[in-house]
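This is coords22.txt (compact mmCIF, N, CA and C atoms).
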```
# COMPACT_ATOMS: atom_id res chain seq x y z
N MET X 10 24.41 2.12 4.71
CA MET X 10 24.50 2.23 3.27
C MET X 10 23.13 2.60 2.72
N ALA X 11 23.07 3.65 1.93
CA ALA X 11 21.80 4.11 1.37
C ALA X 11 21.36 3.20 0.23
N LYS X 12 20.08 2.97 0.19
CA LYS X 12 19.51 2.13 -0.86
C LYS X 12 19.42 2.95 -2.15
N LYS X 13 19.80 2.36 -3.24
CA LYS X 13 19.71 3.02 -4.53
C LYS X 13 18.27 2.97 -5.01
N THR X 14 17.72 4.11 -5.35
CA THR X 14 16.36 4.14 -5.88
C THR X 14 16.41 3.86 -7.38
N ARG X 15 15.28 3.51 -7.91
CA ARG X 15 15.19 3.25 -9.35
C ARG X 15 15.53 4.51 -10.13
N LEU X 16 15.12 5.66 -9.61
CA LEU X 16 15.40 6.92 -10.29
C LEU X 16 16.90 7.20 -10.30
N ALA X 17 17.58 6.93 -9.21
CA ALA X 17 19.04 7.15 -9.16
C ALA X 17 19.75 6.23 -10.15
N LEU X 18 19.30 4.99 -10.22
CA LEU X 18 19.90 4.05 -11.17
C LEU X 18 19.63 4.48 -12.61
N LEU X 19 18.41 4.94 -12.86
CA LEU X 19 18.05 5.40 -14.20
C LEU X 19 18.84 6.65 -14.56
N HIS X 20 19.06 7.51 -13.56
CA HIS X 20 19.81 8.75 -13.81
C HIS X 20 21.23 8.45 -14.27
N LYS X 21 21.82 7.38 -13.75
CA LYS X 21 23.17 6.99 -14.18
C LYS X 21 23.16 6.52 -15.64
N LYS X 22 22.11 5.77 -16.01
CA LYS X 22 22.03 5.23 -17.37
C LYS X 22 21.63 6.29 -18.39
N ASN X 23 20.65 7.11 -18.03
CA ASN X 23 20.11 8.07 -18.98
C ASN X 23 19.62 9.31 -18.23
N PRO X 24 20.51 10.26 -17.97
CA PRO X 24 20.14 11.44 -17.17
C PRO X 24 18.97 12.24 -17.75
N ALA X 25 18.90 12.37 -19.06
CA ALA X 25 17.82 13.15 -19.67
C ALA X 25 16.46 12.50 -19.42
N LEU X 26 16.42 11.20 -19.53
CA LEU X 26 15.17 10.47 -19.30
C LEU X 26 14.75 10.57 -17.84
N ALA X 27 15.71 10.54 -16.95
CA ALA X 27 15.43 10.61 -15.51
C ALA X 27 14.90 11.97 -15.09
N GLU X 28 15.05 12.98 -15.93
CA GLU X 28 14.56 14.32 -15.60
C GLU X 28 13.08 14.49 -15.92
N ARG X 29 12.50 13.58 -16.69
CA ARG X 29 11.08 13.70 -17.05
C ARG X 29 10.21 13.46 -15.83
N SER X 30 9.20 14.31 -15.65
CA SER X 30 8.34 14.21 -14.47
C SER X 30 7.53 12.92 -14.44
N ASP X 31 7.10 12.43 -15.61
CA ASP X 31 6.33 11.18 -15.63
C ASP X 31 7.21 10.00 -15.21
N VAL X 32 8.44 9.99 -15.66
CA VAL X 32 9.38 8.93 -15.29
C VAL X 32 9.69 9.01 -13.80
N GLN X 33 9.88 10.22 -13.30
CA GLN X 33 10.17 10.40 -11.87
C GLN X 33 9.01 9.89 -11.01
N ALA X 34 7.79 10.23 -11.41
CA ALA X 34 6.62 9.82 -10.62
C ALA X 34 6.46 8.30 -10.61
N VAL X 35 6.62 7.67 -11.75
CA VAL X 35 6.47 6.21 -11.82
C VAL X 35 7.61 5.52 -11.09
N ALA X 36 8.82 6.06 -11.18
CA ALA X 36 9.96 5.48 -10.46
C ALA X 36 9.75 5.57 -8.95
N GLU X 37 9.23 6.70 -8.48
CA GLU X 37 8.95 6.84 -7.04
C GLU X 37 7.86 5.87 -6.61
N ASP X 38 6.81 5.75 -7.42
CA ASP X 38 5.74 4.80 -7.11
C ASP X 38 6.28 3.37 -7.05
N THR X 39 7.15 3.05 -7.99
CA THR X 39 7.73 1.71 -8.04
C THR X 39 8.52 1.42 -6.77
N ASP X 40 9.31 2.39 -6.32
CA ASP X 40 10.07 2.21 -5.08
C ASP X 40 9.13 2.04 -3.88
N THR X 41 8.06 2.81 -3.84
CA THR X 41 7.09 2.71 -2.75
C THR X 41 6.45 1.33 -2.73
N TYR X 42 5.99 0.87 -3.89
CA TYR X 42 5.35 -0.45 -3.96
C TYR X 42 6.33 -1.57 -3.64
N ALA X 43 7.59 -1.39 -4.01
CA ALA X 43 8.60 -2.40 -3.69
C ALA X 43 8.79 -2.49 -2.18
N ALA X 44 8.81 -1.35 -1.51
CA ALA X 44 8.96 -1.34 -0.05
C ALA X 44 7.75 -1.98 0.62
N LEU X 45 6.55 -1.65 0.13
CA LEU X 45 5.33 -2.24 0.70
C LEU X 45 5.28 -3.75 0.44
N ALA X 46 5.68 -4.17 -0.74
CA ALA X 46 5.69 -5.60 -1.06
C ALA X 46 6.69 -6.34 -0.18
N ALA X 47 7.81 -5.70 0.12
CA ALA X 47 8.80 -6.32 1.00
C ALA X 47 8.22 -6.51 2.40
N VAL X 48 7.48 -5.52 2.87
CA VAL X 48 6.83 -5.65 4.18
C VAL X 48 5.80 -6.78 4.13
N THR X 49 4.99 -6.79 3.09
CA THR X 49 3.94 -7.80 2.95
C THR X 49 4.52 -9.20 2.96
N ASN X 50 5.65 -9.38 2.31
CA ASN X 50 6.25 -10.71 2.17
C ASN X 50 7.13 -11.10 3.34
N SER X 51 7.29 -10.20 4.31
CA SER X 51 8.14 -10.51 5.45
C SER X 51 7.34 -11.19 6.56
N GLU X 52 8.05 -11.75 7.51
CA GLU X 52 7.40 -12.37 8.66
C GLU X 52 6.59 -11.33 9.44
N GLY X 53 7.16 -10.14 9.60
CA GLY X 53 6.46 -9.07 10.28
C GLY X 53 5.21 -8.64 9.54
N GLY X 54 5.28 -8.65 8.22
CA GLY X 54 4.11 -8.30 7.41
C GLY X 54 2.99 -9.30 7.58
N GLU X 55 3.35 -10.57 7.67
CA GLU X 55 2.34 -11.61 7.90
C GLU X 55 1.68 -11.41 9.26
N VAL X 56 2.48 -11.07 10.26
CA VAL X 56 1.94 -10.82 11.60
C VAL X 56 1.01 -9.61 11.56
N LEU X 57 1.44 -8.56 10.88
CA LEU X 57 0.63 -7.35 10.76
C LEU X 57 -0.70 -7.63 10.06
N LEU X 58 -0.66 -8.38 8.97
CA LEU X 58 -1.91 -8.69 8.25
C LEU X 58 -2.85 -9.54 9.10
N LYS X 59 -2.31 -10.48 9.85
CA LYS X 59 -3.16 -11.28 10.74
C LYS X 59 -3.81 -10.39 11.80
N ALA X 60 -3.04 -9.47 12.36
CA ALA X 60 -3.58 -8.55 13.36
C ALA X 60 -4.64 -7.64 12.75
N LEU X 61 -4.40 -7.17 11.54
CA LEU X 61 -5.39 -6.34 10.86
C LEU X 61 -6.68 -7.12 10.61
N ASN X 62 -6.54 -8.36 10.19
CA ASN X 62 -7.73 -9.20 9.96
C ASN X 62 -8.51 -9.42 11.25
N ARG X 63 -7.80 -9.59 12.36
CA ARG X 63 -8.49 -9.72 13.65
C ARG X 63 -9.20 -8.43 14.02
N ASP X 64 -8.52 -7.29 13.79
CA ASP X 64 -9.14 -5.99 14.08
C ASP X 64 -10.39 -5.76 13.23
N ILE X 65 -10.32 -6.16 11.98
CA ILE X 65 -11.47 -6.01 11.08
C ILE X 65 -12.63 -6.88 11.56
N ALA X 66 -12.33 -8.13 11.88
CA ALA X 66 -13.38 -9.04 12.37
C ALA X 66 -13.98 -8.52 13.67
N SER X 67 -13.15 -8.00 14.54
CA SER X 67 -13.63 -7.47 15.82
C SER X 67 -14.53 -6.26 15.60
N ALA X 68 -14.13 -5.35 14.72
CA ALA X 68 -14.94 -4.16 14.45
C ALA X 68 -16.28 -4.54 13.83
N VAL X 69 -16.26 -5.49 12.90
CA VAL X 69 -17.51 -5.95 12.29
C VAL X 69 -18.40 -6.58 13.35
N ASN X 70 -17.82 -7.40 14.20
CA ASN X 70 -18.59 -8.04 15.27
C ASN X 70 -19.22 -6.99 16.19
N ASN X 71 -18.45 -5.98 16.57
CA ASN X 71 -18.96 -4.91 17.42
C ASN X 71 -20.07 -4.12 16.74
N LEU X 72 -19.92 -3.88 15.44
CA LEU X 72 -20.96 -3.19 14.69
C LEU X 72 -22.25 -4.00 14.64
N VAL X 73 -22.10 -5.28 14.31
CA VAL X 73 -23.27 -6.15 14.18
C VAL X 73 -23.98 -6.34 15.51
N SER X 74 -23.22 -6.47 16.57
CA SER X 74 -23.84 -6.73 17.87
C SER X 74 -24.34 -5.46 18.55
N GLY X 75 -23.84 -4.29 18.13
CA GLY X 75 -24.22 -3.10 18.85
C GLY X 75 -24.92 -2.03 18.04
N TYR X 76 -25.26 -2.31 16.80
CA TYR X 76 -25.82 -1.25 15.96
C TYR X 76 -27.15 -0.71 16.46
N LYS X 77 -27.89 -1.52 17.22
CA LYS X 77 -29.19 -1.06 17.74
C LYS X 77 -29.06 -0.24 19.01
N THR X 78 -28.02 -0.49 19.78
CA THR X 78 -27.93 0.14 21.10
C THR X 78 -26.80 1.14 21.26
N LEU X 79 -25.76 1.05 20.45
CA LEU X 79 -24.61 1.96 20.62
C LEU X 79 -24.98 3.37 20.18
N PRO X 80 -24.43 4.36 20.88
CA PRO X 80 -24.62 5.75 20.44
C PRO X 80 -23.99 5.96 19.06
N GLU X 81 -24.50 6.93 18.34
CA GLU X 81 -24.02 7.19 16.99
C GLU X 81 -22.52 7.46 16.95
N ILE X 82 -22.01 8.17 17.92
CA ILE X 82 -20.58 8.50 17.93
C ILE X 82 -19.73 7.24 18.04
N GLU X 83 -20.18 6.25 18.79
CA GLU X 83 -19.44 4.99 18.90
C GLU X 83 -19.52 4.19 17.59
N LEU X 84 -20.67 4.24 16.95
CA LEU X 84 -20.81 3.58 15.65
C LEU X 84 -19.88 4.21 14.62
N ARG X 85 -19.80 5.53 14.65
CA ARG X 85 -18.90 6.23 13.71
C ARG X 85 -17.45 5.87 14.01
N ALA X 86 -17.10 5.78 15.26
CA ALA X 86 -15.73 5.42 15.64
C ALA X 86 -15.41 4.00 15.18
N LEU X 87 -16.35 3.08 15.34
CA LEU X 87 -16.13 1.71 14.87
C LEU X 87 -15.96 1.68 13.35
N CYS X 88 -16.78 2.45 12.66
CA CYS X 88 -16.67 2.51 11.19
C CYS X 88 -15.33 3.10 10.76
N ALA X 89 -14.86 4.11 11.47
CA ALA X 89 -13.56 4.71 11.14
C ALA X 89 -12.43 3.72 11.37
N THR X 90 -12.51 2.97 12.47
CA THR X 90 -11.51 1.93 12.76
C THR X 90 -11.52 0.87 11.68
N LEU X 91 -12.70 0.46 11.30
CA LEU X 91 -12.87 -0.56 10.27
C LEU X 91 -12.29 -0.07 8.94
N GLU X 92 -12.62 1.16 8.58
CA GLU X 92 -12.12 1.71 7.32
C GLU X 92 -10.59 1.77 7.30
N ALA X 93 -10.00 2.24 8.38
CA ALA X 93 -8.54 2.36 8.44
C ALA X 93 -7.87 0.99 8.34
N SER X 94 -8.41 0.01 9.05
CA SER X 94 -7.83 -1.34 9.02
C SER X 94 -7.96 -1.97 7.64
N ILE X 95 -9.12 -1.79 7.02
CA ILE X 95 -9.34 -2.35 5.68
C ILE X 95 -8.41 -1.68 4.68
N GLN X 96 -8.26 -0.36 4.76
CA GLN X 96 -7.39 0.35 3.83
C GLN X 96 -5.94 -0.11 3.95
N LEU X 97 -5.46 -0.26 5.17
CA LEU X 97 -4.08 -0.71 5.37
C LEU X 97 -3.89 -2.14 4.87
N ALA X 98 -4.83 -3.02 5.19
CA ALA X 98 -4.74 -4.40 4.71
C ALA X 98 -4.78 -4.45 3.19
N ARG X 99 -5.64 -3.65 2.60
CA ARG X 99 -5.77 -3.60 1.14
C ARG X 99 -4.47 -3.09 0.51
N THR X 100 -3.89 -2.06 1.10
CA THR X 100 -2.63 -1.50 0.59
C THR X 100 -1.53 -2.55 0.61
N LEU X 101 -1.41 -3.27 1.70
CA LEU X 101 -0.37 -4.29 1.81
C LEU X 101 -0.64 -5.46 0.88
N ASN X 102 -1.90 -5.90 0.80
CA ASN X 102 -2.24 -7.03 -0.06
C ASN X 102 -2.07 -6.73 -1.54
N ARG X 103 -2.31 -5.49 -1.93
CA ARG X 103 -2.20 -5.11 -3.35
C ARG X 103 -0.80 -4.69 -3.77
N ALA X 104 0.10 -4.53 -2.83
CA ALA X 104 1.44 -4.03 -3.14
C ALA X 104 2.17 -4.86 -4.20
N PRO X 105 2.18 -6.20 -4.12
CA PRO X 105 2.90 -6.95 -5.16
C PRO X 105 2.34 -6.73 -6.57
N GLN X 106 1.01 -6.68 -6.70
CA GLN X 106 0.41 -6.44 -8.01
C GLN X 106 0.69 -5.01 -8.48
N ASN X 107 0.60 -4.05 -7.56
CA ASN X 107 0.89 -2.66 -7.92
C ASN X 107 2.34 -2.49 -8.32
N LEU X 108 3.24 -3.22 -7.66
CA LEU X 108 4.65 -3.18 -8.01
C LEU X 108 4.85 -3.67 -9.44
N LYS X 109 4.23 -4.77 -9.78
CA LYS X 109 4.36 -5.32 -11.14
C LYS X 109 3.86 -4.31 -12.18
N MET X 110 2.71 -3.70 -11.91
CA MET X 110 2.16 -2.71 -12.86
C MET X 110 3.07 -1.49 -12.97
N ALA X 111 3.61 -1.03 -11.85
CA ALA X 111 4.50 0.13 -11.87
C ALA X 111 5.80 -0.19 -12.60
N GLU X 112 6.34 -1.39 -12.38
CA GLU X 112 7.55 -1.80 -13.10
C GLU X 112 7.29 -1.87 -14.61
N ASP X 113 6.14 -2.39 -14.99
CA ASP X 113 5.79 -2.45 -16.41
C ASP X 113 5.65 -1.06 -17.01
N ALA X 114 5.02 -0.16 -16.26
CA ALA X 114 4.86 1.22 -16.74
C ALA X 114 6.20 1.92 -16.86
N LEU X 115 7.09 1.70 -15.89
CA LEU X 115 8.42 2.31 -15.94
C LEU X 115 9.21 1.75 -17.13
N LYS X 116 9.09 0.46 -17.35
CA LYS X 116 9.78 -0.15 -18.49
C LYS X 116 9.28 0.43 -19.80
N GLU X 117 7.96 0.65 -19.88
CA GLU X 117 7.37 1.22 -21.09
C GLU X 117 7.85 2.66 -21.30
N LEU X 118 7.93 3.43 -20.22
CA LEU X 118 8.38 4.82 -20.32
C LEU X 118 9.85 4.93 -20.68
N THR X 119 10.65 4.03 -20.18
CA THR X 119 12.10 4.12 -20.38
C THR X 119 12.59 3.28 -21.55
N GLY X 120 11.69 2.46 -22.06
CA GLY X 120 11.86 1.64 -23.23
C GLY X 120 13.16 1.06 -23.48
```

Output the structure of this file as structure tokens.
Amino acid sequence: MAKKTRLALLHKKNPALAERSDVQAVAEDTDTYAALAAVTNSEGGEVLLKALNRDIASAVNNLVSGYKTLPEIELRALCATLEASIQLARTLNRAPQNLKMAEDALKELTG
């Protein structure tokens, strides 16, 4: 069974409003944040965040312990790993707040 998107539900209520590009963009963002928030709040999401936190701590530890001796390419690789892990953790952690803001914006647009 396909999940109903906010835009599909809005299209049933008010097709003209659902055709606006700003409404479409916010509705899509809202669906994305809802999916991310669902992952964050799930058991699997908790496991993922714990693993990301371990990866972040490990990368920081490797940077701190090896910054004097590691070749530049390895330092860059550690920084890239750290950045990716932080970005993913940040995305998951911020999803519930972003969902609330997107829902408020959609409500304001659709009034």

Please check which residues have atoms at most 12 Å from (-9.8, -1.7, 8.1) in the file's coordinates, counting only C-alpha atoms, and write them as a PyMOL selection string. chain X and resi 58-69+86-101

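The smallest atom-to-atom distance between Leu16 (chain X) and any of X:Leu108, X:Leu115, X:Leu84, X:Val73, using only C-alpha atoms, is found for X:Leu115.
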
Those in region 11-89 of chain X with alpha helix (DSSP H) from DSSP, as a PyMOL selection string: chain X and resi 15-22+24-27+30-49+52-75+81-89

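Residues surrounding Glu112 (chain X) within 6.5 Å are Thr39, Asn107 and Glu117 of chain X [all atoms listed in the file; sequence separation below 5 positions excluded].
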
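Going from CA of Asp38 (chain X) to CA of Asp113 (chain X) covers 11.8 Å.
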
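Note that the spacing between CA of Ala104 (chain X) and CA of Thr119 (chain X) amounts to 21.8 Å.
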
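Here CA of Glu28 (chain X) is placed at a distance of 26.4 Å from CA of Pro105 (chain X).
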
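Minimum distance to Ala17 (chain X) across X:Glu52, X:Asp40, X:Asp31, X:Glu83 (counting only C-alpha atoms) occurs at X:Asp40.
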
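Between Val48 (chain X) and the candidates X:Lys109, X:Arg15, X:Lys22, X:Arg103, the tightest atom-to-atom separation, counting only C-alpha atoms, involves X:Arg103.
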
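Closest approach to Ala111 (chain X) among X:Val32, X:Ala47, X:Leu18, X:Ala25 is made by X:Val32 (distances from only C-alpha atoms).
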